[in-house]
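Here is query-v9.cif, consisting of mmCIF, C-alpha atoms:
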data_start
#
loop_
_atom_site.label_atom_id
_atom_site.label_comp_id
_atom_site.auth_asym_id
_atom_site.auth_seq_id
_atom_site.Cartn_x
_atom_site.Cartn_y
_atom_site.Cartn_z
CA MET A 12 -4.82 2.32 31.51
CA ILE A 13 -6.99 -0.63 32.58
CA THR A 14 -7.22 -3.15 29.79
CA THR A 15 -10.31 -5.33 29.60
CA TYR A 16 -11.10 -7.98 27.03
CA PRO A 17 -14.38 -9.74 26.29
CA GLN A 18 -14.61 -13.22 27.76
CA ALA A 19 -15.00 -14.81 24.32
CA ILE A 20 -11.54 -13.77 23.23
CA ARG A 21 -9.72 -15.08 26.32
CA GLY A 22 -7.40 -17.68 24.96
CA PRO A 23 -7.35 -20.60 27.36
CA ARG A 24 -11.08 -21.44 27.11
CA VAL A 25 -11.48 -21.22 23.35
CA LEU A 26 -8.04 -22.33 22.29
CA PRO A 27 -8.29 -26.12 22.87
CA TYR A 28 -11.56 -26.30 20.92
CA LEU A 29 -10.07 -24.35 18.04
CA ALA A 30 -6.97 -26.53 18.11
CA GLY A 31 -9.10 -29.69 17.99
CA ALA A 32 -11.30 -28.33 15.19
CA SER A 33 -8.21 -27.21 13.30
CA ILE A 34 -6.60 -30.68 13.52
CA LEU A 35 -9.80 -32.45 12.48
CA ALA A 36 -10.50 -30.10 9.59
CA GLY A 37 -6.84 -30.23 8.56
CA ALA A 38 -6.87 -34.04 8.48
CA GLY A 39 -10.05 -34.05 6.39
CA ALA A 40 -8.64 -31.43 4.04
CA LEU A 41 -5.39 -33.37 3.68
CA PHE A 42 -7.26 -36.57 2.79
CA MET A 43 -9.45 -34.82 0.25
CA ALA A 44 -6.58 -32.88 -1.32
CA LEU A 45 -4.18 -35.83 -1.63
CA ALA A 46 -6.51 -38.81 -2.19
CA TRP A 47 -10.08 -37.89 -3.01
CA SER A 48 -9.70 -34.96 -5.39
CA PRO A 49 -8.88 -35.94 -9.01
CA ALA A 50 -5.68 -34.95 -10.77
CA ASP A 51 -5.97 -32.23 -13.40
CA ALA A 52 -6.18 -33.23 -17.06
CA ASN A 53 -3.30 -30.94 -18.02
CA GLN A 54 -1.30 -30.38 -14.85
CA GLY A 55 -1.70 -33.79 -13.24
CA ASP A 56 -0.91 -33.89 -9.49
CA LEU A 57 0.70 -30.46 -9.68
CA VAL A 58 -2.77 -28.95 -9.32
CA ARG A 59 -2.84 -30.09 -5.68
CA ILE A 60 -0.66 -27.09 -4.79
CA MET A 61 -3.87 -25.12 -5.32
CA TYR A 62 -5.35 -26.58 -2.12
CA VAL A 63 -2.84 -24.66 -0.01
CA HIS A 64 -2.00 -21.80 -2.38
CA VAL A 65 -5.57 -20.55 -2.80
CA PRO A 66 -6.54 -20.80 0.91
CA ALA A 67 -3.29 -19.02 1.82
CA ALA A 68 -4.16 -16.19 -0.55
CA TRP A 69 -7.74 -16.06 0.81
CA LEU A 70 -6.42 -15.90 4.38
CA ALA A 71 -4.02 -13.12 3.42
CA TYR A 72 -7.03 -11.12 2.15
CA LEU A 73 -9.06 -11.95 5.27
CA SER A 74 -6.18 -11.05 7.60
CA PHE A 75 -5.64 -7.67 6.02
CA VAL A 76 -9.35 -6.84 6.04
CA VAL A 77 -9.35 -7.72 9.76
CA VAL A 78 -6.30 -5.43 10.21
CA PHE A 79 -8.28 -2.67 8.49
CA LEU A 80 -11.35 -3.14 10.70
CA ALA A 81 -9.27 -3.33 13.87
CA SER A 82 -7.26 -0.25 12.81
CA VAL A 83 -10.43 1.75 12.22
CA ALA A 84 -11.72 0.53 15.60
CA TRP A 85 -8.52 1.73 17.29
CA LEU A 86 -8.68 5.14 15.61
CA TRP A 87 -12.37 5.39 16.53
CA GLY A 88 -12.37 4.26 20.13
CA ARG A 89 -8.75 3.63 21.22
CA TRP A 90 -9.67 0.13 22.42
CA PRO A 91 -6.50 -1.86 23.27
CA LEU A 92 -8.15 -5.04 22.05
CA ALA A 93 -8.45 -3.53 18.57
CA ASP A 94 -4.70 -2.94 18.45
CA ALA A 95 -4.00 -6.49 19.65
CA ILE A 96 -6.27 -7.90 16.94
CA ALA A 97 -4.62 -5.71 14.29
CA VAL A 98 -1.08 -6.83 15.09
CA ALA A 99 -2.10 -10.48 15.40
CA SER A 100 -3.89 -10.44 12.08
CA ALA A 101 -1.08 -8.55 10.34
CA GLU A 102 1.54 -11.08 11.42
CA ILE A 103 -0.61 -14.01 10.32
CA GLY A 104 -1.45 -12.21 7.08
CA VAL A 105 2.22 -11.64 6.27
CA MET A 106 2.90 -15.32 6.97
CA PHE A 107 0.10 -16.44 4.63
CA THR A 108 1.07 -13.93 1.94
CA GLY A 109 4.63 -15.27 2.06
CA LEU A 110 3.27 -18.82 1.83
CA ALA A 111 1.05 -17.91 -1.15
CA LEU A 112 4.02 -16.27 -2.91
CA ALA A 113 6.34 -19.22 -2.23
CA LEU A 114 3.80 -21.82 -3.36
CA GLY A 115 2.90 -19.71 -6.39
CA SER A 116 6.55 -19.61 -7.34
CA ILE A 117 6.89 -23.38 -6.96
CA TRP A 118 3.76 -23.84 -9.08
CA ALA A 119 4.98 -21.35 -11.69
CA LYS A 120 8.25 -23.15 -12.45
CA PRO A 121 6.73 -26.28 -14.07
CA THR A 122 3.71 -24.48 -15.60
CA TRP A 123 5.19 -21.15 -16.80
CA GLY A 124 8.84 -22.26 -16.96
CA VAL A 125 10.08 -19.59 -14.52
CA TRP A 126 10.17 -19.13 -10.76
CA TRP A 127 9.29 -15.44 -11.03
CA THR A 128 8.24 -13.17 -13.86
CA TRP A 129 6.66 -9.80 -14.57
CA GLU A 130 3.07 -10.60 -13.85
CA PRO A 131 0.48 -8.26 -12.29
CA ARG A 132 -0.75 -10.72 -9.65
CA LEU A 133 2.79 -11.60 -8.56
CA ILE A 134 3.96 -8.01 -8.40
CA THR A 135 0.89 -6.68 -6.59
CA THR A 136 1.06 -9.56 -4.09
CA ALA A 137 4.75 -8.87 -3.47
CA VAL A 138 3.92 -5.19 -2.99
CA MET A 139 1.20 -6.13 -0.48
CA PHE A 140 3.72 -8.34 1.33
CA ALA A 141 6.23 -5.46 1.46
CA MET A 142 3.61 -3.01 2.77
CA TYR A 143 2.56 -5.25 5.64
CA ALA A 144 6.19 -6.11 6.38
CA GLY A 145 6.64 -2.32 6.62
CA TYR A 146 3.64 -2.24 8.97
CA LEU A 147 5.33 -4.76 11.26
CA ILE A 148 8.67 -2.89 11.08
CA LEU A 149 6.83 0.32 11.98
CA ARG A 150 5.33 -1.38 15.03
CA SER A 151 8.70 -2.65 16.17
CA LEU A 152 10.25 0.84 16.20
CA SER A 153 8.19 2.37 18.96
CA SER A 154 7.78 1.38 22.60
CA ASP A 155 5.05 3.90 23.42
CA PHE A 156 1.79 1.96 23.22
CA ASP A 157 -0.54 4.74 22.08
CA ARG A 158 1.84 6.13 19.46
CA ARG A 159 2.67 2.70 18.09
CA ALA A 160 -0.99 1.75 17.88
CA THR A 161 -1.97 5.02 16.18
CA ARG A 162 0.86 4.95 13.65
CA SER A 163 0.19 1.35 12.69
CA ALA A 164 -3.58 1.89 12.60
CA VAL A 165 -3.11 4.65 10.03
CA VAL A 166 -1.00 2.33 7.86
CA GLY A 167 -3.38 -0.59 8.41
CA ALA A 168 -6.36 1.51 7.33
CA ILE A 169 -4.68 2.62 4.09
CA ALA A 170 -2.87 -0.59 3.13
CA VAL A 171 -6.10 -2.57 2.77
CA LEU A 172 -6.51 -0.89 -0.63
CA ASN A 173 -4.01 -3.47 -1.82
CA VAL A 174 -6.48 -6.32 -1.34
CA PRO A 175 -8.88 -5.42 -4.21
CA ILE A 176 -5.90 -4.36 -6.33
CA VAL A 177 -4.27 -7.80 -5.91
CA HIS A 178 -7.53 -9.64 -6.54
CA LEU A 179 -8.56 -7.64 -9.61
CA SER A 180 -5.08 -7.14 -11.08
CA VAL A 181 -5.53 -10.19 -13.33
CA THR A 182 -8.66 -8.71 -14.87
CA TRP A 183 -7.24 -5.18 -15.24
CA MET A 184 -3.99 -6.10 -16.96
CA ASN A 185 -2.71 -8.76 -19.31
CA ALA A 186 -1.79 -11.58 -16.98
CA LEU A 187 -0.18 -15.00 -17.10
CA HIS A 188 -1.98 -15.85 -13.88
CA GLN A 189 -5.37 -17.41 -14.43
CA LEU A 190 -8.48 -15.32 -13.83
CA PRO A 191 -10.42 -15.80 -10.55
CA SER A 192 -12.06 -19.25 -10.56
CA VAL A 193 -14.29 -19.00 -7.48
CA LEU A 194 -14.70 -15.34 -6.39
CA ARG A 195 -16.06 -14.13 -9.71
CA PRO A 196 -19.38 -13.32 -11.37
CA GLY A 197 -21.11 -16.53 -12.41
CA PRO A 198 -20.59 -20.10 -11.23
CA PRO A 199 -17.13 -21.33 -10.15
CA ALA A 200 -14.96 -22.61 -13.01
CA LEU A 201 -13.86 -25.80 -11.25
CA ASP A 202 -14.69 -29.50 -11.27
CA GLY A 203 -17.18 -30.37 -8.48
CA ARG A 204 -14.79 -32.53 -6.45
CA MET A 205 -11.97 -30.03 -6.83
CA LEU A 206 -14.27 -27.24 -5.70
CA SER A 207 -15.51 -29.11 -2.62
CA THR A 208 -11.91 -30.03 -1.70
CA LEU A 209 -10.90 -26.41 -2.09
CA VAL A 210 -13.80 -25.27 0.10
CA VAL A 211 -12.84 -27.77 2.83
CA CYS A 212 -9.20 -26.61 2.64
CA VAL A 213 -10.30 -22.98 2.94
CA ILE A 214 -12.46 -23.83 5.96
CA ALA A 215 -9.64 -25.84 7.59
CA LEU A 216 -7.09 -23.06 7.16
CA THR A 217 -9.63 -20.44 8.30
CA ILE A 218 -10.11 -22.39 11.55
CA PHE A 219 -6.30 -22.50 11.86
CA TYR A 220 -6.28 -18.72 11.33
CA ALA A 221 -8.83 -18.33 14.13
CA TYR A 222 -6.65 -20.51 16.38
CA CYS A 223 -3.54 -18.42 15.59
CA MET A 224 -5.51 -15.20 16.15
CA VAL A 225 -6.79 -16.20 19.57
CA ALA A 226 -3.35 -17.44 20.64
CA ARG A 227 -1.57 -14.32 19.37
CA VAL A 228 -4.13 -11.91 20.83
CA GLY A 229 -3.65 -13.72 24.15
CA ILE A 230 0.11 -13.14 23.91
CA GLU A 231 -0.43 -9.47 23.10
CA ARG A 232 -2.86 -9.16 26.00
CA ALA A 233 -0.34 -10.71 28.40
CA ARG A 234 2.36 -8.41 27.06
CA SER A 235 0.17 -5.32 27.58
CA ALA A 236 -0.73 -6.44 31.11
CA ARG A 237 2.98 -6.83 31.94
CA ALA A 238 3.75 -3.36 30.58
CA MET B 10 -12.70 28.13 9.26
CA ARG B 11 -10.65 24.96 8.97
CA VAL B 12 -9.93 25.71 5.32
CA ALA B 13 -8.77 29.20 6.30
CA ARG B 14 -6.39 27.74 8.91
CA ALA B 15 -5.09 25.17 6.44
CA THR B 16 -4.51 27.93 3.90
CA LEU B 17 -2.62 29.90 6.54
CA VAL B 18 -0.39 26.90 7.26
CA ALA B 19 0.18 26.39 3.53
CA GLY B 20 1.03 30.07 3.05
CA ARG B 21 3.45 29.95 5.98
CA GLU B 22 5.00 26.81 4.54
CA LEU B 23 5.47 28.37 1.11
CA ARG B 24 6.96 31.56 2.58
CA ALA B 25 9.44 29.44 4.54
CA GLU B 26 10.29 27.55 1.37
CA ARG B 27 10.78 30.82 -0.54
CA ALA B 28 13.08 32.16 2.18
CA GLN B 29 15.08 28.93 2.34
CA PRO B 30 14.23 26.77 -0.68
CA ASP B 31 16.16 23.67 0.33
CA GLY B 32 13.19 21.30 -0.05
CA LEU B 33 12.38 22.61 -3.52
CA ALA B 34 16.05 22.62 -4.52
CA ALA B 35 16.50 19.01 -3.37
CA ALA B 36 13.36 17.90 -5.22
CA VAL B 37 14.20 19.72 -8.47
CA GLY B 38 17.82 18.54 -8.23
CA LEU B 39 16.81 14.89 -7.86
CA VAL B 40 14.43 15.01 -10.82
CA ALA B 41 16.91 16.90 -13.00
CA ILE B 42 19.75 14.46 -12.23
CA LEU B 43 17.54 11.52 -13.04
CA VAL B 44 16.43 13.00 -16.36
CA PHE B 45 20.06 13.92 -17.19
CA THR B 46 21.42 10.45 -16.41
CA GLU B 47 18.47 8.51 -17.83
CA SER B 48 19.60 8.56 -21.44
CA LEU B 49 23.12 7.59 -20.37
CA LEU B 50 21.89 4.62 -18.35
CA VAL B 51 19.38 3.12 -20.79
CA GLY B 52 20.55 4.61 -24.08
CA PRO B 53 18.97 7.55 -25.96
CA ALA B 54 16.56 5.46 -28.03
CA VAL B 55 15.11 3.63 -25.02
CA ALA B 56 15.09 6.79 -22.86
CA ALA B 57 13.00 8.61 -25.47
CA ALA B 58 10.39 5.84 -25.58
CA PRO B 59 7.22 7.44 -24.13
CA GLN B 60 6.59 4.63 -21.62
CA ILE B 61 10.13 4.72 -20.21
CA ALA B 62 10.34 8.51 -20.14
CA ALA B 63 6.98 8.86 -18.37
CA ALA B 64 7.58 6.07 -15.85
CA LEU B 65 11.09 7.22 -14.86
CA LEU B 66 9.99 10.86 -14.60
CA TRP B 67 7.09 10.02 -12.29
CA ILE B 68 9.12 7.66 -10.11
CA ALA B 69 11.57 10.55 -9.72
CA LEU B 70 8.68 12.91 -8.92
CA ALA B 71 7.36 10.52 -6.27
CA LEU B 72 10.79 10.42 -4.63
CA ALA B 73 11.04 14.20 -4.96
CA THR B 74 7.69 14.55 -3.15
CA ILE B 75 9.03 12.43 -0.30
CA LEU B 76 12.15 14.64 -0.14
CA ALA B 77 10.18 17.90 -0.12
CA VAL B 78 7.61 16.79 2.46
CA THR B 79 10.30 15.30 4.74
CA ARG B 80 12.25 18.56 4.56
CA SER B 81 9.09 20.50 5.39
CA PHE B 82 8.49 18.49 8.60
CA ASP B 83 12.21 18.62 9.47
CA ARG B 84 12.00 22.40 9.39
CA GLU B 85 9.19 22.32 11.96
CA LEU B 86 11.21 20.02 14.21
CA GLU B 87 14.37 22.15 13.93
CA ASP B 88 12.41 25.29 14.88
CA ASP B 89 10.37 23.52 17.59
CA ALA B 90 7.29 24.83 15.80
CA LEU B 91 5.30 21.61 15.61
CA GLU B 92 4.01 21.65 19.20
CA ALA B 93 2.83 25.26 18.86
CA LEU B 94 0.98 24.49 15.63
CA LEU B 95 -0.66 21.41 17.14
CA ALA B 96 -1.81 23.41 20.16
CA LEU B 97 -3.96 25.67 17.96
CA PRO B 98 -7.68 24.84 17.52
CA ASP B 99 -8.00 22.22 14.76
CA GLY B 100 -4.19 22.22 14.72
CA ARG B 101 -3.77 18.71 13.44
CA ASP B 102 -6.30 19.05 10.63
CA ALA B 103 -4.94 22.45 9.60
CA LEU B 104 -1.33 21.25 9.76
CA TYR B 105 -2.00 18.14 7.69
CA ALA B 106 -4.15 19.91 5.08
CA GLY B 107 -1.76 22.88 4.93
CA LYS B 108 1.24 20.62 4.41
CA VAL B 109 -0.59 18.80 1.62
CA MET B 110 -1.55 22.05 -0.07
CA ALA B 111 1.99 23.43 0.13
CA ALA B 112 3.48 20.14 -1.09
CA THR B 113 1.06 20.18 -4.04
CA VAL B 114 2.23 23.66 -5.06
CA LEU B 115 5.88 22.59 -4.75
CA LEU B 116 5.25 19.41 -6.72
CA LEU B 117 3.54 21.40 -9.48
CA ILE B 118 6.73 23.43 -9.84
CA VAL B 119 8.97 20.33 -9.72
CA ALA B 120 6.73 18.49 -12.19
CA ALA B 121 6.75 21.46 -14.58
CA VAL B 122 10.55 21.66 -14.45
CA GLY B 123 10.97 17.86 -14.73
CA THR B 124 8.54 17.51 -17.62
CA GLY B 125 10.12 20.44 -19.44
CA LEU B 126 13.58 18.97 -18.98
CA ALA B 127 12.44 15.54 -20.14
CA VAL B 128 10.77 16.96 -23.26
CA PHE B 129 13.83 19.08 -24.07
CA LEU B 130 16.67 16.70 -23.20
CA LEU B 131 15.09 13.49 -24.46
CA ASP B 132 13.76 15.29 -27.54
CA LEU B 133 10.28 13.96 -26.92
CA ASP B 134 7.79 14.65 -29.66
CA VAL B 135 4.64 15.38 -27.62
CA ALA B 136 1.56 14.82 -29.77
CA LEU B 137 -0.97 16.19 -27.26
CA PRO B 138 0.61 18.95 -25.12
CA GLY B 139 -2.72 19.91 -23.51
CA HIS B 140 -3.32 16.34 -22.34
CA LEU B 141 0.25 16.18 -21.05
CA VAL B 142 -0.32 19.31 -18.95
CA LEU B 143 -3.64 17.94 -17.65
CA CYS B 144 -2.07 14.59 -16.61
CA THR B 145 0.86 16.40 -15.00
CA VAL B 146 -1.39 18.70 -12.96
CA VAL B 147 -3.67 15.87 -11.77
CA GLY B 148 -0.58 13.74 -11.02
CA ALA B 149 0.93 16.53 -8.93
CA VAL B 150 -2.32 16.77 -6.96
CA ALA B 151 -2.52 12.99 -6.50
CA LEU B 152 0.80 12.31 -4.75
CA PRO B 153 1.20 14.64 -1.73
CA SER B 154 -1.72 13.49 0.48
CA LEU B 155 -0.41 9.95 1.05
CA VAL B 156 3.24 11.02 1.15
CA THR B 157 2.42 13.62 3.84
CA LEU B 158 0.57 10.93 5.79
CA TYR B 159 3.50 8.51 5.76
CA VAL B 160 6.09 11.20 6.50
CA ALA B 161 3.97 12.32 9.47
CA ILE B 162 3.79 8.76 10.80
CA SER B 163 7.54 8.23 10.53
CA LEU B 164 8.52 11.70 11.72
CA ARG B 165 10.30 10.77 14.93
CA LEU B 166 11.39 7.26 14.01
CA ARG B 167 15.05 6.42 13.58
CA ALA B 168 14.42 4.14 10.58
CA ARG B 169 12.30 6.60 8.62
CA ALA B 170 14.71 6.56 5.65
CA LEU B 171 13.68 2.93 5.19
CA LEU B 172 10.06 3.23 6.27
CA ILE B 173 8.86 6.17 4.19
CA PRO B 174 9.72 4.68 0.77
CA LEU B 175 8.70 1.20 1.94
CA LEU B 176 5.25 2.39 2.97
CA ALA B 177 4.64 5.29 0.61
CA LEU B 178 5.80 3.98 -2.77
CA PRO B 179 3.60 0.84 -2.78
CA ALA B 180 0.64 2.98 -1.67
CA LEU B 181 1.31 5.35 -4.56
CA LEU B 182 1.37 2.58 -7.17
CA PRO B 183 -2.18 3.18 -8.48
CA GLN B 184 -1.43 6.89 -8.93
CA LEU B 185 1.96 6.19 -10.53
CA ILE B 186 0.51 3.63 -12.94
CA CYS B 187 -2.31 6.00 -13.95
CA VAL B 188 -0.14 9.08 -14.42
CA SER B 189 2.58 7.15 -16.31
CA ALA B 190 0.00 5.62 -18.64
CA GLY B 191 -1.78 8.97 -19.10
CA VAL B 192 1.47 10.80 -19.92
CA THR B 193 2.57 7.98 -22.24
CA ALA B 194 -0.74 8.23 -24.13
CA ALA B 195 -0.44 12.04 -24.31
CA ILE B 196 3.06 11.78 -25.81
CA ALA B 197 1.97 9.05 -28.22
CA GLY B 198 -1.15 10.95 -29.33
CA ASP B 199 -3.88 8.69 -27.93
CA ALA B 200 -6.34 11.29 -26.62
CA GLY B 201 -9.00 8.81 -25.43
CA ALA B 202 -6.55 6.70 -23.43
CA SER B 203 -4.90 9.78 -21.96
CA LEU B 204 -8.22 11.19 -20.72
CA ALA B 205 -9.36 7.79 -19.41
CA TRP B 206 -6.15 7.34 -17.38
CA CYS B 207 -6.44 10.94 -16.23
CA ALA B 208 -9.98 10.31 -14.97
CA LEU B 209 -8.80 7.19 -13.12
CA LEU B 210 -5.91 9.20 -11.70
CA PHE B 211 -8.35 11.84 -10.50
CA ALA B 212 -10.43 9.16 -8.78
CA ALA B 213 -7.30 7.78 -7.07
CA ALA B 214 -6.31 11.32 -6.05
CA LEU B 215 -9.76 11.92 -4.59
CA ALA B 216 -9.72 8.60 -2.69
CA SER B 217 -6.28 9.26 -1.23
CA ALA B 218 -7.21 12.84 -0.32
CA VAL B 219 -10.34 11.66 1.50
CA ALA B 220 -8.40 8.89 3.27
CA GLY B 221 -5.61 11.31 4.14
CA LEU B 222 -7.92 14.03 5.47
CA THR B 223 -9.91 11.48 7.48
CA ILE B 224 -7.03 9.75 9.25
CA GLY B 225 -3.99 11.91 8.45
CA PRO B 226 -4.43 14.35 11.35
CA ALA B 227 -4.39 11.41 13.79
CA ALA B 228 -0.96 10.45 12.52
CA ILE B 229 0.70 13.73 13.49
CA GLU B 230 2.37 13.56 16.89
#
Have the structure of the file written as structure tokens, please.
Amino acid sequence: MITTYPQAIRGPRVLPYLAGASILAGAGALFMALAWSPADANQGDLVRIMYVHVPAAWLAYLSFVVVFLASVAWLWGRWPLADAIAVASAEIGVMFTGLALALGSIWAKPTWGVWWTWEPRLITTAVMFAMYAGYLILRSLSSDFDRRATRSAVVGAIAVLNVPIVHLSVTWMNALHQLPSVLRPGPPALDGRMLSTLVVCVIALTIFYAYCMVARVGIERARSARA
Amino acid sequence: MRVARATLVAGRELRAERAQPDGLAAAVGLVAILVFTESLLVGPAVAAAPQIAAALLWIALALATILAVTRSFDRELEDDALEALLALPDGRDALYAGKVMAATVLLLIVAAVGTGLAVFLLDLDVALPGHLVLCTVVGAVALPSLVTLYVAISLRLRARALLIPLLALPALLPQLICVSAGVTAAIAGDAGASLAWCALLFAAALASAVAGLTIGPAAIE
């Protein structure tokens, strides 16, 4: 099968710009998160974990929605690029879900008194992590390109149901975790400087996600070309 | 036409199961053992608590569904029948839908046996038997579509014993939560809550059936 990719996704041309933008945005986000944003009245400096924890959770959602779209695209048209995007986004999504879980646990110890507890958001996030880890295991078990892509696309198309479940779990069940502060009906429940810092952190990590995606899709493309 | 073919596949599946009921026996055996050992493991008072009884029974039924569906596909592989079925017009759709229909019938039997055993052995005082039956029936309809999908994906993989529970059980969580809560409410006598959970369970069953019928056939190799 001849594999063709749009010019825009070819790594070498876009990658340096994304790397530069990622470093600049990351430096700005770091300054705002550590120096410019105020400490919380109750939690003090502990609240600064939010500036990585929340963007990591947002990127996990974004990654898995991208996996869903790419999976549907593969099932629809059998485009190799769709499969490359799906695997790239799934790997990055698992990484960010793991980061969100780890940071959440670190944040939970001083605020809730435990590293881990029965809590709907924690459990549903861990379930989402396990499902996408299963997705990656499934991919690793087959060497036939078409079969691997189809199997994983089916899982990727179903597993996205976890995203709204994770996000809304705190409103559906009694939860220790705070309710959504930004993605909710009505205005965000955050101090102005905290909110703008959070937005910059989300943008910085989203650019980093784009960088990782382009790099990883390039690797997948090279791998397919070799095979 | 497709429905007729799916019904044919389901009928063939059920006849095979009647002739050699190893899938049904494994599923009923698993559920029965769990109900038998439950009161020993957690103590009779805790085991008879509606929430615990309902949750453990439905976790066992989810595992039993995986067992029965896996056995059903294994039978096709052992008899080299899968390729012939797939070669028929609309073979994939008919095979997937037929397997789901047959698994639903089997699960209804397993759920009836499991629920009966739980009520009898745990001495459950069911306040709303009609609601319990309704939740059990909708629950039995809600599980097989996704389980069949994941078993089909993992059919020829060496690590399927790990993959099927890893992929299927998290995907079944909404259904398991709804059916456990609905059964708990039925045992406790909360008619409104039982019907509300049952309606949510029906919605989850419908969503998983639509998702399964849309992409499930593509998963069968």
* Asked: Which chain B residues are at most 7 Å from chain A (counting only C-alpha atoms), as a ChimeraX atom specification?
  -> /B:162,166,172,175-176,179-180,224,228
* Shell of 12 Å around A:Pro91, all atoms listed in the file, local chain residues under 2 positions omitted, as a PyMOL selection string -> chain A and resi 12-17+81-82+84-89+93-98+156-157+159-161+164+228+231-236
For the residues in that selection, give me C-alpha atoms as a PDB file, in the frame of the given file.
ATOM      1  CA  MET A  12      -4.820   2.320  31.510  1.00  0.00           C
ATOM      2  CA  ILE A  13      -6.990  -0.630  32.580  1.00  0.00           C
ATOM      3  CA  THR A  14      -7.220  -3.150  29.790  1.00  0.00           C
ATOM      4  CA  THR A  15     -10.310  -5.330  29.600  1.00  0.00           C
ATOM      5  CA  TYR A  16     -11.100  -7.980  27.030  1.00  0.00           C
ATOM      6  CA  PRO A  17     -14.380  -9.740  26.290  1.00  0.00           C
ATOM      7  CA  ALA A  81      -9.270  -3.330  13.870  1.00  0.00           C
ATOM      8  CA  SER A  82      -7.260  -0.250  12.810  1.00  0.00           C
ATOM      9  CA  ALA A  84     -11.720   0.530  15.600  1.00  0.00           C
ATOM     10  CA  TRP A  85      -8.520   1.730  17.290  1.00  0.00           C
ATOM     11  CA  LEU A  86      -8.680   5.140  15.610  1.00  0.00           C
ATOM     12  CA  TRP A  87     -12.370   5.390  16.530  1.00  0.00           C
ATOM     13  CA  GLY A  88     -12.370   4.260  20.130  1.00  0.00           C
ATOM     14  CA  ARG A  89      -8.750   3.630  21.220  1.00  0.00           C
ATOM     15  CA  ALA A  93      -8.450  -3.530  18.570  1.00  0.00           C
ATOM     16  CA  ASP A  94      -4.700  -2.940  18.450  1.00  0.00           C
ATOM     17  CA  ALA A  95      -4.000  -6.490  19.650  1.00  0.00           C
ATOM     18  CA  ILE A  96      -6.270  -7.900  16.940  1.00  0.00           C
ATOM     19  CA  ALA A  97      -4.620  -5.710  14.290  1.00  0.00           C
ATOM     20  CA  VAL A  98      -1.080  -6.830  15.090  1.00  0.00           C
ATOM     21  CA  PHE A 156       1.790   1.960  23.220  1.00  0.00           C
ATOM     22  CA  ASP A 157      -0.540   4.740  22.080  1.00  0.00           C
ATOM     23  CA  ARG A 159       2.670   2.700  18.090  1.00  0.00           C
ATOM     24  CA  ALA A 160      -0.990   1.750  17.880  1.00  0.00           C
ATOM     25  CA  THR A 161      -1.970   5.020  16.180  1.00  0.00           C
ATOM     26  CA  ALA A 164      -3.580   1.890  12.600  1.00  0.00           C
ATOM     27  CA  VAL A 228      -4.130 -11.910  20.830  1.00  0.00           C
ATOM     28  CA  GLU A 231      -0.430  -9.470  23.100  1.00  0.00           C
ATOM     29  CA  ARG A 232      -2.860  -9.160  26.000  1.00  0.00           C
ATOM     30  CA  ALA A 233      -0.340 -10.710  28.400  1.00  0.00           C
ATOM     31  CA  ARG A 234       2.360  -8.410  27.060  1.00  0.00           C
ATOM     32  CA  SER A 235       0.170  -5.320  27.580  1.00  0.00           C
ATOM     33  CA  ALA A 236      -0.730  -6.440  31.110  1.00  0.00           C
TER      34      ALA A 236
END
* **Computed interatomic separation between atom CA of A:Ala215 and atom CA of A:Ala67 (Å)** =>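 Straight-line distance from atom CA of A:Ala215 to atom CA of A:Ala67 works out to 11.0 Å.
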* For atom CA of B:Ala34 and atom CA of B:Thr124, the interatomic separation in Å (one decimal) ->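 Atom-to-atom, atom CA of B:Ala34 and atom CA of B:Thr124 are spaced 15.9 Å apart.
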* Asked: Could you pull the residues within 12 Å of A:Ala38, counting all atoms listed in the file, minus those fewer than 5 positions along the same chain, as a PyMOL selection string?
  -> chain A and resi 31-33+43-46+211-212+214-216
Write the residues of the selection above to a file with C-alpha atoms, as a tab-separated table (two decimals), in the frame of the given file.
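See again_27.tsv below for the written result:
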chain	number	residue	atom	x	y	z
A	31	GLY	CA	-9.10	-29.69	17.99
A	32	ALA	CA	-11.30	-28.33	15.19
A	33	SER	CA	-8.21	-27.21	13.30
A	43	MET	CA	-9.45	-34.82	0.25
A	44	ALA	CA	-6.58	-32.88	-1.32
A	45	LEU	CA	-4.18	-35.83	-1.63
A	46	ALA	CA	-6.51	-38.81	-2.19
A	211	VAL	CA	-12.84	-27.77	2.83
A	212	CYS	CA	-9.20	-26.61	2.64
A	214	ILE	CA	-12.46	-23.83	5.96
A	215	ALA	CA	-9.64	-25.84	7.59
A	216	LEU	CA	-7.09	-23.06	7.16
* So what does the PyMOL selection byres ((chain A and resi 49-64) around 8) actually pick up in this one, as a list in words? ->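 Listing what the PyMOL selection byres ((chain A and resi 49-64) around 8) selects in the shown file: Ala44, Leu45, Ala46, Trp47, Ser48, Val65, Pro66, Ala67, Ala68, Leu110, Ala111, Leu114, Gly115, Trp118, Thr122, Arg204, Met205, Thr208, Leu209, Cys212 and Val213 of chain A.
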Contacts of B:Ala205 at 12 Å or less, counting all atoms listed in the file, minus same-chain residues fewer than 5 places along, as a short mmCIF file (atom, residue, chain, number, x, y, z; two decimals) with C-alpha atoms, in the coordinates of the input?
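Output file result27.cif is given in full below:
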data_model
loop_
_atom_site.label_atom_id
_atom_site.label_comp_id
_atom_site.auth_asym_id
_atom_site.auth_seq_id
_atom_site.Cartn_x
_atom_site.Cartn_y
_atom_site.Cartn_z
CA HIS B 140 -3.32 16.34 -22.34
CA LEU B 143 -3.64 17.94 -17.65
CA CYS B 144 -2.07 14.59 -16.61
CA CYS B 187 -2.31 6.00 -13.95
CA VAL B 188 -0.14 9.08 -14.42
CA ALA B 190 0.00 5.62 -18.64
CA GLY B 191 -1.78 8.97 -19.10
CA VAL B 192 1.47 10.80 -19.92
CA ALA B 194 -0.74 8.23 -24.13
CA ALA B 195 -0.44 12.04 -24.31
CA ASP B 199 -3.88 8.69 -27.93
CA ALA B 200 -6.34 11.29 -26.62
CA LEU B 210 -5.91 9.20 -11.70
CA PHE B 211 -8.35 11.84 -10.50
CA ALA B 212 -10.43 9.16 -8.78
#
